[in-house]
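Undergrad: This one is work_17.pdb, PDB, C-alpha atoms and all ligand atoms.
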MODEL        1
ATOM      1  CA  MET J   1      16.981   2.571   0.870  1.00  0.00           C
ATOM      2  CA  ASN J   2      14.403  -0.043   1.804  1.00  0.00           C
ATOM      3  CA  ALA J   3      11.234  -0.417  -0.244  1.00  0.00           C
ATOM      4  CA  LEU J   4       8.046  -2.242   0.686  1.00  0.00           C
ATOM      5  CA  VAL J   5       5.654  -3.373  -2.049  1.00  0.00           C
ATOM      6  CA  LEU J   6       2.260  -4.485  -0.781  1.00  0.00           C
ATOM      7  CA  ASN J   7      -0.232  -6.429  -2.874  1.00  0.00           C
ATOM      8  CA  CYS J   8      -3.425  -5.173  -1.205  1.00  0.00           C
ATOM      9  CA  CYS J   9      -5.645  -8.018  -2.445  1.00  0.00           C
ATOM     10  CA  PRO J  10      -5.655 -11.737  -1.640  1.00  0.00           C
ATOM     11  CA  VAL J  11      -5.069 -12.930  -5.232  1.00  0.00           C
ATOM     12  CA  ARG J  12      -1.457 -14.062  -5.512  1.00  0.00           C
ATOM     13  CA  ALA J  13      -1.238 -14.747  -9.244  1.00  0.00           C
ATOM     14  CA  GLY J  14      -3.500 -12.137 -10.830  1.00  0.00           C
ATOM     15  CA  ALA J  15      -3.095  -8.649 -12.263  1.00  0.00           C
ATOM     16  CA  THR J  16      -2.418  -6.966  -8.915  1.00  0.00           C
ATOM     17  CA  ALA J  17       0.212  -9.579  -8.127  1.00  0.00           C
ATOM     18  CA  PHE J  18       1.819  -9.073 -11.548  1.00  0.00           C
ATOM     19  CA  ILE J  19       2.057  -5.299 -11.061  1.00  0.00           C
ATOM     20  CA  SER J  20       3.409  -5.813  -7.524  1.00  0.00           C
ATOM     21  CA  GLU J  21       6.030  -8.226  -8.884  1.00  0.00           C
ATOM     22  CA  THR J  22       7.005  -5.749 -11.625  1.00  0.00           C
ATOM     23  CA  VAL J  23       7.438  -2.928  -9.112  1.00  0.00           C
ATOM     24  CA  ALA J  24       9.393  -5.136  -6.700  1.00  0.00           C
ATOM     25  CA  SER J  25      11.655  -6.413  -9.455  1.00  0.00           C
ATOM     26  CA  ARG J  26      12.404  -2.994 -11.001  1.00  0.00           C
ATOM     27  CA  LEU J  27      12.941  -1.303  -7.634  1.00  0.00           C
ATOM     28  CA  GLY J  28      15.065  -4.284  -6.600  1.00  0.00           C
ATOM     29  CA  ALA J  29      17.835  -3.183  -8.972  1.00  0.00           C
ATOM     30  CA  HIS J  30      18.346  -0.071  -6.783  1.00  0.00           C
ATOM     31  CA  PHE J  31      16.862  -0.712  -3.354  1.00  0.00           C
ATOM     32  CA  SER J  32      16.415  -3.496  -0.871  1.00  0.00           C
ATOM     33  CA  VAL J  33      12.826  -4.646  -1.485  1.00  0.00           C
ATOM     34  CA  ARG J  34      10.275  -6.542   0.608  1.00  0.00           C
ATOM     35  CA  SER J  35       7.331  -7.801  -1.443  1.00  0.00           C
ATOM     36  CA  LEU J  36       4.303  -8.779   0.643  1.00  0.00           C
ATOM     37  CA  CYS J  37       0.666  -9.711   0.210  1.00  0.00           C
ATOM     38  CA  ILE J  38      -2.024  -8.483   2.577  1.00  0.00           C
ATOM     39  CA  ASP J  39      -3.210 -12.088   2.717  1.00  0.00           C
ATOM     40  CA  ASP J  40       0.117 -13.104   4.334  1.00  0.00           C
ATOM     41  CA  TYR J  41      -1.291 -11.631   7.554  1.00  0.00           C
ATOM     42  CA  GLN J  42      -4.087 -12.553   9.932  1.00  0.00           C
ATOM     43  CA  ILE J  43      -5.865  -9.267  10.569  1.00  0.00           C
ATOM     44  CA  CYS J  44      -8.900  -9.037  12.873  1.00  0.00           C
ATOM     45  CA  PHE J  45     -11.438  -6.256  12.403  1.00  0.00           C
ATOM     46  CA  CYS J  46     -11.148  -3.092  14.485  1.00  0.00           C
ATOM     47  CA  ARG J  47     -13.711  -3.285  17.275  1.00  0.00           C
ATOM     48  CA  GLY J  48     -13.965   0.493  17.609  1.00  0.00           C
ATOM     49  CA  CYS J  49     -13.207   0.337  21.340  1.00  0.00           C
ATOM     50  CA  ARG J  50     -10.984   3.501  21.248  1.00  0.00           C
ATOM     51  CA  MET J  51      -8.584   1.958  23.769  1.00  0.00           C
ATOM     52  CA  CYS J  52      -5.755   3.038  21.444  1.00  0.00           C
ATOM     53  CA  HIS J  53      -6.862   6.669  21.843  1.00  0.00           C
ATOM     54  CA  ALA J  54      -5.810   6.426  25.481  1.00  0.00           C
ATOM     55  CA  THR J  55      -2.889   4.008  25.251  1.00  0.00           C
ATOM     56  CA  ALA J  56      -1.549   4.250  21.659  1.00  0.00           C
ATOM     57  CA  GLU J  57      -1.817   0.462  21.562  1.00  0.00           C
ATOM     58  CA  CYS J  58      -4.356  -2.018  20.256  1.00  0.00           C
ATOM     59  CA  ALA J  59      -5.818  -4.635  22.581  1.00  0.00           C
ATOM     60  CA  LEU J  60      -5.679  -7.168  19.735  1.00  0.00           C
ATOM     61  CA  ASP J  61      -2.424  -9.001  19.003  1.00  0.00           C
ATOM     62  CA  ASP J  62      -2.291 -10.318  15.437  1.00  0.00           C
ATOM     63  CA  GLY J  63      -0.585  -9.771  12.077  1.00  0.00           C
ATOM     64  CA  VAL J  64      -1.009  -5.984  12.224  1.00  0.00           C
ATOM     65  CA  ARG J  65       2.016  -5.609  14.499  1.00  0.00           C
ATOM     66  CA  GLU J  66       4.101  -7.752  12.129  1.00  0.00           C
ATOM     67  CA  LEU J  67       3.020  -5.768   9.052  1.00  0.00           C
ATOM     68  CA  MET J  68       3.593  -2.441  10.806  1.00  0.00           C
ATOM     69  CA  ARG J  69       7.167  -3.536  11.553  1.00  0.00           C
ATOM     70  CA  GLU J  70       7.564  -3.837   7.768  1.00  0.00           C
ATOM     71  CA  PHE J  71       6.212  -0.294   7.349  1.00  0.00           C
ATOM     72  CA  GLU J  72       8.660   0.917  10.013  1.00  0.00           C
ATOM     73  CA  GLN J  73      11.639  -0.519   8.127  1.00  0.00           C
ATOM     74  CA  ALA J  74      10.677   0.897   4.708  1.00  0.00           C
ATOM     75  CA  ASP J  75      11.774   4.252   3.259  1.00  0.00           C
ATOM     76  CA  ILE J  76       9.531   3.750   0.219  1.00  0.00           C
ATOM     77  CA  ILE J  77       6.079   2.168   0.436  1.00  0.00           C
ATOM     78  CA  VAL J  78       4.126   1.096  -2.654  1.00  0.00           C
ATOM     79  CA  CYS J  79       0.554  -0.135  -2.187  1.00  0.00           C
ATOM     80  CA  VAL J  80      -0.963  -1.866  -5.226  1.00  0.00           C
ATOM     81  CA  SER J  81      -4.737  -2.096  -4.938  1.00  0.00           C
ATOM     82  CA  PRO J  82      -7.478  -3.345  -7.230  1.00  0.00           C
ATOM     83  CA  SER J  83     -10.985  -1.971  -7.081  1.00  0.00           C
ATOM     84  CA  TYR J  84     -13.367  -4.218  -5.192  1.00  0.00           C
ATOM     85  CA  TRP J  85     -16.828  -2.716  -5.548  1.00  0.00           C
ATOM     86  CA  ALA J  86     -15.289   0.669  -6.302  1.00  0.00           C
ATOM     87  CA  ASP J  87     -13.161   0.609  -3.169  1.00  0.00           C
ATOM     88  CA  ILE J  88     -10.098  -1.031  -1.623  1.00  0.00           C
ATOM     89  CA  PRO J  89     -10.348  -4.769  -0.810  1.00  0.00           C
ATOM     90  CA  ALA J  90     -11.801  -5.573   2.618  1.00  0.00           C
ATOM     91  CA  GLN J  91      -8.585  -7.215   3.817  1.00  0.00           C
ATOM     92  CA  PHE J  92      -6.674  -3.974   3.255  1.00  0.00           C
ATOM     93  CA  LYS J  93      -9.444  -1.848   4.763  1.00  0.00           C
ATOM     94  CA  ALA J  94      -9.345  -4.047   7.867  1.00  0.00           C
ATOM     95  CA  PHE J  95      -5.599  -3.357   8.111  1.00  0.00           C
ATOM     96  CA  ILE J  96      -6.059   0.407   7.727  1.00  0.00           C
ATOM     97  CA  ASP J  97      -8.779   0.471  10.409  1.00  0.00           C
ATOM     98  CA  ARG J  98      -6.443  -1.377  12.738  1.00  0.00           C
ATOM     99  CA  CYS J  99      -3.728   1.232  12.179  1.00  0.00           C
ATOM    100  CA  THR J 100      -5.713   3.638  14.364  1.00  0.00           C
ATOM    101  CA  PRO J 101      -3.094   3.388  17.178  1.00  0.00           C
ATOM    102  CA  TRP J 102      -0.687   5.095  14.707  1.00  0.00           C
ATOM    103  CA  CYS J 103      -3.198   7.714  13.530  1.00  0.00           C
ATOM    104  CA  ASP J 104      -2.106  11.278  14.276  1.00  0.00           C
ATOM    105  CA  THR J 105      -5.600  12.537  15.122  1.00  0.00           C
ATOM    106  CA  HIS J 106      -5.366  11.528  18.773  1.00  0.00           C
ATOM    107  CA  GLU J 107      -2.798  11.814  21.552  1.00  0.00           C
ATOM    108  CA  PRO J 108      -1.069   9.689  22.536  1.00  0.00           C
ATOM    109  CA  HIS J 109      -0.536   7.832  19.299  1.00  0.00           C
ATOM    110  CA  ALA J 110       2.129   5.401  18.143  1.00  0.00           C
ATOM    111  CA  LYS J 111       4.590   6.662  15.496  1.00  0.00           C
ATOM    112  CA  ILE J 112       6.553   5.124  12.681  1.00  0.00           C
ATOM    113  CA  PRO J 113       9.768   6.943  11.678  1.00  0.00           C
ATOM    114  CA  SER J 114       9.116  10.048   9.545  1.00  0.00           C
ATOM    115  CA  GLY J 115      10.403  10.801   6.029  1.00  0.00           C
ATOM    116  CA  LYS J 116       8.835   7.849   4.213  1.00  0.00           C
ATOM    117  CA  LEU J 117       7.603   8.221   0.628  1.00  0.00           C
ATOM    118  CA  GLY J 118       4.263   6.584  -0.242  1.00  0.00           C
ATOM    119  CA  TYR J 119       3.141   5.492  -3.709  1.00  0.00           C
ATOM    120  CA  THR J 120      -0.091   3.918  -4.926  1.00  0.00           C
ATOM    121  CA  VAL J 121      -1.184   1.864  -7.924  1.00  0.00           C
ATOM    122  CA  ALA J 122      -4.954   1.492  -8.400  1.00  0.00           C
ATOM    123  CA  LEU J 123      -6.343  -0.881 -11.024  1.00  0.00           C
ATOM    124  CA  ARG J 124      -9.772  -1.913 -12.147  1.00  0.00           C
ATOM    125  CA  THR J 125     -11.640  -3.718 -14.913  1.00  0.00           C
ATOM    126  CA  GLY J 126     -13.896  -0.814 -15.844  1.00  0.00           C
ATOM    127  CA  GLY J 127     -12.828   2.216 -17.842  1.00  0.00           C
ATOM    128  CA  ALA J 128     -13.555   5.280 -15.716  1.00  0.00           C
ATOM    129  CA  GLU J 129     -10.536   6.692 -13.910  1.00  0.00           C
ATOM    130  CA  ALA J 130     -12.612   8.233 -11.094  1.00  0.00           C
ATOM    131  CA  GLU J 131     -12.955   4.854  -9.381  1.00  0.00           C
ATOM    132  CA  CYS J 132      -9.176   4.428  -9.274  1.00  0.00           C
ATOM    133  CA  LEU J 133      -8.749   8.010  -8.037  1.00  0.00           C
ATOM    134  CA  ARG J 134     -11.078   7.225  -5.141  1.00  0.00           C
ATOM    135  CA  ILE J 135      -8.894   4.247  -4.181  1.00  0.00           C
ATOM    136  CA  ILE J 136      -5.770   6.394  -4.416  1.00  0.00           C
ATOM    137  CA  SER J 137      -7.469   9.001  -2.231  1.00  0.00           C
ATOM    138  CA  SER J 138      -8.278   6.383   0.457  1.00  0.00           C
ATOM    139  CA  ILE J 139      -4.710   5.088   0.501  1.00  0.00           C
ATOM    140  CA  GLU J 140      -3.177   8.575   0.491  1.00  0.00           C
ATOM    141  CA  HIS J 141      -5.497   9.525   3.364  1.00  0.00           C
ATOM    142  CA  PHE J 142      -4.076   6.557   5.269  1.00  0.00           C
ATOM    143  CA  TYR J 143      -0.508   7.551   4.371  1.00  0.00           C
ATOM    144  CA  GLY J 144      -1.129  11.117   5.517  1.00  0.00           C
ATOM    145  CA  HIS J 145      -2.306  10.148   8.990  1.00  0.00           C
ATOM    146  CA  LEU J 146       0.768   7.940   9.453  1.00  0.00           C
ATOM    147  CA  GLY J 147       3.168  10.700   8.385  1.00  0.00           C
ATOM    148  CA  ILE J 148       4.000   8.961   5.081  1.00  0.00           C
ATOM    149  CA  LYS J 149       4.309  11.526   2.274  1.00  0.00           C
ATOM    150  CA  PRO J 150       2.067  10.644  -0.707  1.00  0.00           C
ATOM    151  CA  ASN J 151       4.508  11.023  -3.586  1.00  0.00           C
ATOM    152  CA  GLY J 152       2.952   9.522  -6.696  1.00  0.00           C
ATOM    153  CA  SER J 153       0.296   7.253  -8.089  1.00  0.00           C
ATOM    154  CA  LEU J 154      -0.583   5.207 -11.150  1.00  0.00           C
ATOM    155  CA  VAL J 155      -4.114   4.669 -12.475  1.00  0.00           C
ATOM    156  CA  MET J 156      -4.679   1.506 -14.517  1.00  0.00           C
ATOM    157  CA  THR J 157      -8.173   1.044 -15.934  1.00  0.00           C
ATOM    158  CA  ARG J 158      -9.379  -1.800 -18.185  1.00  0.00           C
ATOM    159  CA  ILE J 159      -7.318  -4.425 -16.399  1.00  0.00           C
ATOM    160  CA  ALA J 160      -9.354  -7.615 -15.955  1.00  0.00           C
ATOM    161  CA  SER J 161      -6.599 -10.214 -15.837  1.00  0.00           C
ATOM    162  CA  ARG J 162      -2.895 -10.836 -15.335  1.00  0.00           C
ATOM    163  CA  GLU J 163      -2.524 -10.939 -19.128  1.00  0.00           C
ATOM    164  CA  ASP J 164      -3.971  -7.421 -19.388  1.00  0.00           C
ATOM    165  CA  ALA J 165      -1.389  -6.193 -16.879  1.00  0.00           C
ATOM    166  CA  GLU J 166       1.421  -7.989 -18.721  1.00  0.00           C
ATOM    167  CA  LYS J 167       0.561  -6.042 -21.901  1.00  0.00           C
ATOM    168  CA  ARG J 168       0.857  -2.692 -20.069  1.00  0.00           C
ATOM    169  CA  LEU J 169       4.411  -2.992 -18.799  1.00  0.00           C
ATOM    170  CA  ASP J 170       5.540   0.404 -20.122  1.00  0.00           C
ATOM    171  CA  GLU J 171       3.193   2.300 -17.770  1.00  0.00           C
ATOM    172  CA  GLN J 172       4.413   0.249 -14.827  1.00  0.00           C
ATOM    173  CA  ASN J 173       8.070   0.730 -15.728  1.00  0.00           C
ATOM    174  CA  ASP J 174       7.658   4.508 -16.133  1.00  0.00           C
ATOM    175  CA  PHE J 175       6.034   4.665 -12.719  1.00  0.00           C
ATOM    176  CA  CYS J 176       8.837   2.581 -11.187  1.00  0.00           C
ATOM    177  CA  ASP J 177      11.452   4.820 -12.770  1.00  0.00           C
ATOM    178  CA  LYS J 178       9.900   7.847 -11.072  1.00  0.00           C
ATOM    179  CA  ILE J 179      10.012   6.029  -7.717  1.00  0.00           C
ATOM    180  CA  ILE J 180      13.665   5.109  -8.333  1.00  0.00           C
ATOM    181  CA  ARG J 181      14.557   8.725  -9.210  1.00  0.00           C
ATOM    182  CA  ASP J 182      12.790   9.980  -6.067  1.00  0.00           C
ATOM    183  CA  GLY J 183      14.511   7.379  -3.902  1.00  0.00           C
ATOM    184  CA  ILE J 184      17.965   8.107  -5.279  1.00  0.00           C
ATOM    185  CA  ALA J 185      17.417  11.879  -4.853  1.00  0.00           C
ATOM    186  CA  LYS J 186      16.273  11.346  -1.274  1.00  0.00           C
ATOM    187  CA  ALA J 187      19.241   9.130  -0.457  1.00  0.00           C
ATOM    188  CA  SER J 188      21.723  11.646  -1.892  1.00  0.00           C
ATOM    189  CA  ALA J 189      20.029  14.537  -0.041  1.00  0.00           C
ATOM    190  CA  ALA J 190      20.483  12.593   3.195  1.00  0.00           C
ATOM    191  CA  ASP J 191      24.243  12.087   2.589  1.00  0.00           C
TER     192      ASP J 191
HETATM  193  C1  LIG S   1     -14.836  -8.892  -5.316  1.00  0.00           C
HETATM  194  C2  LIG S   1     -14.429  -8.116  -6.536  1.00  0.00           C
HETATM  195  C3  LIG S   1     -15.011  -6.894  -6.780  1.00  0.00           C
HETATM  196  C4  LIG S   1     -14.634  -6.135  -7.896  1.00  0.00           C
HETATM  197  N1  LIG S   1     -15.218  -4.922  -8.090  1.00  0.00           N
HETATM  198  C5  LIG S   1     -14.832  -4.172  -9.154  1.00  0.00           C
HETATM  199  C6  LIG S   1     -15.409  -2.884  -9.359  1.00  0.00           C
HETATM  200  O1  LIG S   1     -16.231  -2.405  -8.595  1.00  0.00           O
HETATM  201  N2  LIG S   1     -14.986  -2.161 -10.438  1.00  0.00           N
HETATM  202  C7  LIG S   1     -14.056  -2.642 -11.327  1.00  0.00           C
HETATM  203  O2  LIG S   1     -13.726  -1.959 -12.286  1.00  0.00           O
HETATM  204  N3  LIG S   1     -13.477  -3.856 -11.133  1.00  0.00           N
HETATM  205  C8  LIG S   1     -13.855  -4.630 -10.075  1.00  0.00           C
HETATM  206  N4  LIG S   1     -13.271  -5.864  -9.864  1.00  0.00           N
HETATM  207  C9  LIG S   1     -12.252  -6.320 -10.800  1.00  0.00           C
HETATM  208  C10 LIG S   1     -10.810  -6.057 -10.296  1.00  0.00           C
HETATM  209  O3  LIG S   1     -10.600  -4.739  -9.878  1.00  0.00           O
HETATM  210  C11 LIG S   1      -9.840  -6.376 -11.438  1.00  0.00           C
HETATM  211  O4  LIG S   1     -10.031  -7.687 -11.909  1.00  0.00           O
HETATM  212  C12 LIG S   1      -8.393  -6.161 -11.097  1.00  0.00           C
HETATM  213  O5  LIG S   1      -7.659  -6.288 -12.284  1.00  0.00           O
HETATM  214  C13 LIG S   1      -7.868  -7.138 -10.038  1.00  0.00           C
HETATM  215  O6  LIG S   1      -7.379  -8.284 -10.623  1.00  0.00           O
HETATM  216  P1  LIG S   1      -6.619  -9.498  -9.850  1.00  0.00           P
HETATM  217  O7  LIG S   1      -7.644 -10.148  -8.946  1.00  0.00           O
HETATM  218  O8  LIG S   1      -6.238 -10.391 -11.016  1.00  0.00           O
HETATM  219  O9  LIG S   1      -5.466  -8.948  -9.113  1.00  0.00           O
HETATM  220  C14 LIG S   1     -13.646  -6.640  -8.777  1.00  0.00           C
HETATM  221  C15 LIG S   1     -13.054  -7.886  -8.520  1.00  0.00           C
HETATM  222  C16 LIG S   1     -13.439  -8.619  -7.417  1.00  0.00           C
HETATM  223  C17 LIG S   1     -12.783  -9.954  -7.151  1.00  0.00           C
ENDMDL
END
As structure tokens, how would this structure be written, given the file I've shared?

TA:
Amino acid sequence: MNALVLNCCPVRAGATAFISETVASRLGAHFSVRSLCIDDYQICFCRGCRMCHATAECALDDGVRELMREFEQADIIVCVSPSYWADIPAQFKAFIDRCTPWCDTHEPHAKIPSGKLGYTVALRTGGAEAECLRIISSIEHFYGHLGIKPNGSLVMTRIASREDAEKRLDEQNDFCDKIIRDGIAKASAAD
């Protein structure tokens, strides 16, 4: 099984990065893991031209194609997203908008292989869970239109720093263990 862990914000040493590293490391004991940061990729904004509705391809050629190849290879996808103004970071939103060629609401559309399991971690500094649930909803909406099955999520409120995330390792490990169980069950069902 191949797993992809995506840090959906540009901060490479903060709380989101720590959680991404934890997930990648724990999953790495069982699966082949790629750990990436959205900021590794140059992603232009969608121009809303709808050319992809007719051709299933985007006119722009940038890091989106490279990142989508990573999605294609993965059986398990874990997106780790902080709240930026109660929503996903702009870099990740730009990526999702540019995935419109793969969106199943128009024909023709591009396709990634089916059967992938999608997981989400949403974190924020504030205390109300609703803001994290909104982020999870956005990411699961994205998964759904790409044919990725939303299969679990973790809400982490009151995380303002890497140190805060370091103190909450148990929650992260429990979440990882669920992903590992799901992945092992899926692999044995496919045998
Ligand atoms: C531009 C920006 C906007 C943010 N907006 C919110 C917000 O609306 N609500 C919230 O609870 N936290 C907000 N935060 C805090 C992050 O969600 C929080 O620090 C999270 O732990 C990400 O940490 P990291 O940058 O260390 O990965 C914001 C942070 C930034 C940089």

Undergrad: What does the structure give for the distance between atom O9 of ligand LIG 1 (chain S) and CA of Ser20 in chain J, in Å to one decimal?

TA: 9.5 Å

Undergrad: Check which residues of chain J sit at most 10 Å from ligand LIG 1 (chain S) using only C-alpha atoms and all ligand atoms, and return one row each with the closest pair of atoms and their distance in Å to one decimal, ordered by chain and rising number, as a tab-separated table.

TA:
residue	atom	partner	partner_atom	distance
J:Asn7	CA	S:LIG1	O9	8.5
J:Cys8	CA	S:LIG1	O9	9.0
J:Cys9	CA	S:LIG1	O9	6.7
J:Pro10	CA	S:LIG1	O7	7.7
J:Val11	CA	S:LIG1	O7	5.3
J:Arg12	CA	S:LIG1	O9	7.4
J:Ala13	CA	S:LIG1	O8	6.9
J:Gly14	CA	S:LIG1	O8	3.3
J:Ala15	CA	S:LIG1	O8	3.8
J:Thr16	CA	S:LIG1	O9	3.6
J:Ala17	CA	S:LIG1	O9	5.8
J:Phe18	CA	S:LIG1	O9	7.7
J:Ile19	CA	S:LIG1	O9	8.6
J:Ser20	CA	S:LIG1	O9	9.5
J:Val80	CA	S:LIG1	O9	9.2
J:Ser81	CA	S:LIG1	C13	7.8
J:Pro82	CA	S:LIG1	O3	4.3
J:Ser83	CA	S:LIG1	O3	4.0
J:Tyr84	CA	S:LIG1	N1	3.5
J:Trp85	CA	S:LIG1	O1	3.1
J:Ala86	CA	S:LIG1	O1	3.9
J:Asp87	CA	S:LIG1	O1	6.9
J:Ile88	CA	S:LIG1	O3	9.1
J:Pro89	CA	S:LIG1	C1	7.6
J:Ala90	CA	S:LIG1	C1	9.1
J:Ala122	CA	S:LIG1	O3	8.5
J:Leu123	CA	S:LIG1	C12	5.7
J:Arg124	CA	S:LIG1	O3	3.7
J:Thr125	CA	S:LIG1	O2	3.8
J:Gly126	CA	S:LIG1	O2	3.7
J:Gly127	CA	S:LIG1	O2	7.0
J:Ala128	CA	S:LIG1	O2	8.0
J:Glu129	CA	S:LIG1	O2	9.4
J:Glu131	CA	S:LIG1	N2	7.4
J:Cys132	CA	S:LIG1	O2	8.4
J:Met156	CA	S:LIG1	O5	8.6
J:Thr157	CA	S:LIG1	O2	7.3
J:Arg158	CA	S:LIG1	O2	7.3
J:Ile159	CA	S:LIG1	O5	4.5
J:Ala160	CA	S:LIG1	O4	4.1
J:Ser161	CA	S:LIG1	O8	4.8
J:Arg162	CA	S:LIG1	O8	5.5
J:Glu163	CA	S:LIG1	O8	8.9
J:Asp164	CA	S:LIG1	O5	8.1
J:Ala165	CA	S:LIG1	O5	7.8

Undergrad: Would you output that residue set with C-alpha atoms, as a compact mmCIF listing (two decimals), in the coordinates of the input?

TA:
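Written file, part.txt:
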# COMPACT_ATOMS: atom_id res chain seq x y z
CA ASN J 7 -0.23 -6.43 -2.87
CA CYS J 8 -3.42 -5.17 -1.20
CA CYS J 9 -5.64 -8.02 -2.44
CA PRO J 10 -5.66 -11.74 -1.64
CA VAL J 11 -5.07 -12.93 -5.23
CA ARG J 12 -1.46 -14.06 -5.51
CA ALA J 13 -1.24 -14.75 -9.24
CA GLY J 14 -3.50 -12.14 -10.83
CA ALA J 15 -3.10 -8.65 -12.26
CA THR J 16 -2.42 -6.97 -8.91
CA ALA J 17 0.21 -9.58 -8.13
CA PHE J 18 1.82 -9.07 -11.55
CA ILE J 19 2.06 -5.30 -11.06
CA SER J 20 3.41 -5.81 -7.52
CA VAL J 80 -0.96 -1.87 -5.23
CA SER J 81 -4.74 -2.10 -4.94
CA PRO J 82 -7.48 -3.34 -7.23
CA SER J 83 -10.98 -1.97 -7.08
CA TYR J 84 -13.37 -4.22 -5.19
CA TRP J 85 -16.83 -2.72 -5.55
CA ALA J 86 -15.29 0.67 -6.30
CA ASP J 87 -13.16 0.61 -3.17
CA ILE J 88 -10.10 -1.03 -1.62
CA PRO J 89 -10.35 -4.77 -0.81
CA ALA J 90 -11.80 -5.57 2.62
CA ALA J 122 -4.95 1.49 -8.40
CA LEU J 123 -6.34 -0.88 -11.02
CA ARG J 124 -9.77 -1.91 -12.15
CA THR J 125 -11.64 -3.72 -14.91
CA GLY J 126 -13.90 -0.81 -15.84
CA GLY J 127 -12.83 2.22 -17.84
CA ALA J 128 -13.56 5.28 -15.72
CA GLU J 129 -10.54 6.69 -13.91
CA GLU J 131 -12.96 4.85 -9.38
CA CYS J 132 -9.18 4.43 -9.27
CA MET J 156 -4.68 1.51 -14.52
CA THR J 157 -8.17 1.04 -15.93
CA ARG J 158 -9.38 -1.80 -18.18
CA ILE J 159 -7.32 -4.42 -16.40
CA ALA J 160 -9.35 -7.62 -15.96
CA SER J 161 -6.60 -10.21 -15.84
CA ARG J 162 -2.90 -10.84 -15.34
CA GLU J 163 -2.52 -10.94 -19.13
CA ASP J 164 -3.97 -7.42 -19.39
CA ALA J 165 -1.39 -6.19 -16.88

Undergrad: Calculated over all atoms listed in the file, which of the candidates J:Ile184, J:Ile77, J:Ala54, J:Cys176 has the smallest distance to Ile139 in chain J?

TA: J:Ile77

Undergrad: Taking the file as I've supplied it (selection: the PyMOL selection byres (((chain J and resi 154) around 6) and not hetatm)), which residues are included? Please answer as a list in words.

TA: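 Those residues are Val121, Ser153 and Val155 of chain J.
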
Undergrad: To one decimal place in Å, what is the distance between CA of Asp182 in chain J and CA of Ser114 in chain J?

TA: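 The value is 16.0 Å.
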
Undergrad: What does the PyMOL selection byres (((chain J and resi 41) around 9) and not hetatm) select in this file, as a short mmCIF file (atom, residue, chain, number, x, y, z; two decimals) with C-alpha atoms, in the coordinates of the input?

TA:
data_model
loop_
_atom_site.label_atom_id
_atom_site.label_comp_id
_atom_site.auth_asym_id
_atom_site.auth_seq_id
_atom_site.Cartn_x
_atom_site.Cartn_y
_atom_site.Cartn_z
CA CYS J 37 0.67 -9.71 0.21
CA ILE J 38 -2.02 -8.48 2.58
CA ASP J 39 -3.21 -12.09 2.72
CA ASP J 40 0.12 -13.10 4.33
CA GLN J 42 -4.09 -12.55 9.93
CA ILE J 43 -5.86 -9.27 10.57
CA ASP J 62 -2.29 -10.32 15.44
CA GLY J 63 -0.58 -9.77 12.08
CA VAL J 64 -1.01 -5.98 12.22
CA GLU J 66 4.10 -7.75 12.13
CA LEU J 67 3.02 -5.77 9.05
#

Undergrad: Figure out the distance between CA of Asp75 in chain J and CA of Pro150 in chain J, please, to one decimal in Å.

TA: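 A separation of 12.3 Å between them.
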
Undergrad: Could you list the residues chosen by the PyMOL selection byres (((chain J and resi 152) around 10) and not hetatm) in this structure as a CSV table (one decimal) with C-alpha atoms, in the frame of the given file?

TA:
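Written file, expr_5.csv:
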chain,number,residue,atom,x,y,z
J,78,VAL,CA,4.1,1.1,-2.7
J,117,LEU,CA,7.6,8.2,0.6
J,118,GLY,CA,4.3,6.6,-0.2
J,119,TYR,CA,3.1,5.5,-3.7
J,120,THR,CA,-0.1,3.9,-4.9
J,121,VAL,CA,-1.2,1.9,-7.9
J,136,ILE,CA,-5.8,6.4,-4.4
J,140,GLU,CA,-3.2,8.6,0.5
J,149,LYS,CA,4.3,11.5,2.3
J,150,PRO,CA,2.1,10.6,-0.7
J,151,ASN,CA,4.5,11.0,-3.6
J,153,SER,CA,0.3,7.3,-8.1
J,154,LEU,CA,-0.6,5.2,-11.2
J,175,PHE,CA,6.0,4.7,-12.7
J,178,LYS,CA,9.9,7.8,-11.1
J,179,ILE,CA,10.0,6.0,-7.7
J,182,ASP,CA,12.8,10.0,-6.1

Undergrad: Using only C-alpha atoms, can you tell me which of J:Thr100, J:Thr22, J:Asn2, J:Gln91 comes closest to Asp174 in chain J?

TA: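 Between J:Thr100, J:Thr22, J:Asn2, J:Gln91, the residue approaching Asp174 in chain J most closely is J:Thr22.
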
Undergrad: Would you kindly identify which residues have an atom no farther than 6 Å from (11.3, 0.8, -5.3), using all atoms listed in the file and the file's own coordinates, and write them out as a PyMOL selection string?

TA: chain J and resi 3+27+179-180

Undergrad: Out of J:Ile76, J:Cys44, J:Ala94, J:Ala110, which residue has the shortest atom-to-atom distance to Asp61 in chain J when counting all atoms listed in the file?

TA: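 Smallest separation from Asp61 in chain J among the options: J:Cys44.
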